[in-house]
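Colleague: Structure in structure tokens, see below.
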Amino acid sequence: MHNQELKYLRLFKEITKRINSSLNIGEVLRSITENIVKTLDVKGCAIFLLDKSRNKLLTSSSYGLSEAYVNKGPIDSEKSIVETLQGRWVLISDAHTNEKIQYQEEAKREGILSILSGPMSVKGKVIGVIRIYADNPLNLSDIENEFIIGLAEIGSIGIENARLYSHIKADHEKLINDVHQWFDYGATKAF
């Protein structure tokens, strides 16, 4: 095994351990975006979760991008690299001129030339998108591609676990509240 492959394998293991030990979606996403930027030496990385009710991609985590770029406006899931939401990875070589890019001028001002956009999915259902931004032509090795795809997959599972935990916790709190109300109601009836 080459040194570079070993480096990616160790980093993947470390990130996976962090993802598996956290039920906080923010921590999971931050770990992925930050490590991708630092490891691949790219301009930035962002993860967007899909809001199906409004057909929007909501920025859930970003690293290496300016506030102005992150807050440039709503990302329409039907206008911005649509193939990604169909489960395909897409490489945009020139973000300044490609019609798949919703915010071409903003990408130009940010210094973004190429974008790699990939699906984040659980059980075949796309829940979000990961995008990697570079200020030069993005030319990733096979091991880098596999590293990114693996992080997107394990990140999706981490997101789903955190969501399920959040729902279970809310249901548990509601149940406890209902039991307290029931006991309070019974106590007032006894007198």
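Here's how to read the names in the structure tokens: chain A, B, ... by the order shown, residue numbers from 1 in each chain, ligand numbers from 1 in the order shown.
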Give the strand (DSSP E or B) residues of chain A, as assigned by DSSP on the backbone, as a PyMOL selection string.

Modeller: chain A and resi 44-51+56-63+75-76+90-92+114-122+125-134

Colleague: Kindly export the residues of the current selection with C-alpha atoms, as a tab-separated table (two decimals), in the first residue's frame.

Modeller:
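The new file again.tsv reads:
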```
chain	number	residue	atom	x	y	z
A	44	GLY	CA	-13.78	24.72	0.00
A	45	CYS	CA	-16.40	22.12	0.68
A	46	ALA	CA	-20.09	22.38	1.52
A	47	ILE	CA	-22.85	19.99	2.42
A	48	PHE	CA	-26.42	20.85	1.55
A	49	LEU	CA	-29.41	18.96	2.90
A	50	LEU	CA	-32.50	18.65	0.74
A	51	ASP	CA	-35.69	20.42	1.78
A	56	LYS	CA	-34.23	23.88	-1.99
A	57	LEU	CA	-30.80	22.75	-0.90
A	58	LEU	CA	-30.04	24.19	2.53
A	59	THR	CA	-26.43	24.86	3.49
A	60	SER	CA	-25.79	22.67	6.50
A	61	SER	CA	-22.00	22.93	6.72
A	62	SER	CA	-19.21	24.63	4.83
A	63	TYR	CA	-15.49	25.07	5.21
A	75	ILE	CA	-30.09	26.99	-4.05
A	76	ASP	CA	-32.92	25.68	-6.19
A	90	VAL	CA	-20.92	15.57	-11.58
A	91	LEU	CA	-17.67	17.42	-12.25
A	92	ILE	CA	-18.02	20.99	-13.48
A	114	SER	CA	-14.30	23.76	-10.74
A	115	ILE	CA	-16.91	21.99	-8.66
A	116	LEU	CA	-17.39	18.32	-7.87
A	117	SER	CA	-20.96	17.64	-6.76
A	118	GLY	CA	-22.09	14.32	-5.36
A	119	PRO	CA	-25.17	12.82	-3.76
A	120	MET	CA	-25.50	11.98	-0.10
A	121	SER	CA	-28.00	9.18	0.18
A	122	VAL	CA	-29.39	6.64	2.60
A	125	LYS	CA	-32.81	8.02	-1.23
A	126	VAL	CA	-30.88	11.27	-1.78
A	127	ILE	CA	-30.95	13.38	1.38
A	128	GLY	CA	-28.41	16.00	0.37
A	129	VAL	CA	-25.43	17.00	-1.70
A	130	ILE	CA	-21.72	17.38	-1.04
A	131	ARG	CA	-19.81	19.87	-3.16
A	132	ILE	CA	-16.08	20.36	-3.40
A	133	TYR	CA	-14.83	23.67	-4.78
A	134	ALA	CA	-11.44	24.29	-6.35
```

Colleague: For segment 93-110 of chain A, find every residue with an atom within 8 Å (counting only C-alpha atoms), except residues of its own chain fewer than 5 positions away, and show them as a PyMOL selection string.

Modeller: chain A and resi 65-66+69+72+75-76+79-82+115+137-138

Colleague: Taking the DSSP secondary structure from the backbone, can you list the residues of chain A that are helix (DSSP H, G or I), as number ranges by chain?

Modeller: A: 3-20, 25-40, 67-70, 82-85, 104-110, 142-189

Colleague: In Å, how far is it from atom CA of Arg163 of chain A to atom CA of Lys38 of chain A?

Modeller: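 Computed distance, atom CA of Arg163 of chain A to atom CA of Lys38 of chain A, equals 26.8 Å.
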
Colleague: Would you mind telling me which residue in A:Val42, A:Leu140, A:Ile159, A:Leu11 lies nearest to Glu27 of chain A when using only C-alpha atoms?

Modeller: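 Checking each of A:Val42, A:Leu140, A:Ile159, A:Leu11 against Glu27 of chain A, counting only C-alpha atoms, the winner is A:Ile159.
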
Colleague: What does the structure give for the distance between atom CA of Ala162 of chain A and atom CA of Ser22 of chain A, in Å to one decimal?

Modeller: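 Rounded to one decimal, the two atoms are 7.7 Å apart.
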
Colleague: Taking only C-alpha atoms into account, name the residue in A:Asn139, A:Ser156, A:Asn71, A:Gln86 that is nearest to Thr16 of chain A.

Modeller: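 Ranking A:Asn139, A:Ser156, A:Asn71, A:Gln86 by distance to Thr16 of chain A, first place goes to A:Ser156.
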
Colleague: To one decimal place in Å, what is the distance between atom CA of Gln4 of chain A and atom CA of Leu113 of chain A?

Modeller: 25.3 Å

Colleague: For Asn20 of chain A, list every protein, DNA or RNA residue within 9 Å, evaluated using only C-alpha atoms, and leave out those in the same chain fewer than 5 positions away; present the list as a short mmCIF file (atom, residue, chain, number, x, y, z; two decimals) with N, CA and C atoms, in the first residue's frame.

Modeller:
```cif
data_model
loop_
_atom_site.label_atom_id
_atom_site.label_comp_id
_atom_site.auth_asym_id
_atom_site.auth_seq_id
_atom_site.Cartn_x
_atom_site.Cartn_y
_atom_site.Cartn_z
N ILE A 15 -12.22 9.84 10.68
CA ILE A 15 -13.47 10.57 10.45
C ILE A 15 -14.66 9.66 10.74
N VAL A 28 -20.97 16.16 12.77
CA VAL A 28 -20.73 15.18 11.70
C VAL A 28 -20.38 15.92 10.41
N ILE A 154 -20.63 7.45 4.39
CA ILE A 154 -20.63 7.32 5.84
C ILE A 154 -21.24 8.57 6.48
N ILE A 157 -25.01 8.23 6.50
CA ILE A 157 -25.46 7.36 7.59
C ILE A 157 -25.41 8.11 8.91
N GLY A 158 -24.34 8.90 9.13
CA GLY A 158 -24.23 9.70 10.35
C GLY A 158 -25.35 10.72 10.46
N ASN A 161 -28.53 8.79 11.34
CA ASN A 161 -28.50 8.40 12.75
C ASN A 161 -28.82 9.57 13.67
#
```

Colleague: Could you give me, as a list in words, the residues within 10 Å of Phe12 of chain A, counting only C-alpha atoms and dropping anything in the same chain fewer than 2 positions from it?

Modeller: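 Residues near the query, excluding close chain neighbours: Leu6, Lys7, Tyr8, Leu9, Arg10, Glu14, Ile15, Thr16, Lys17, Arg18, Ile32, Asn35, Phe147, Ile148, Gly150, Leu151 and Ile154 of chain A.
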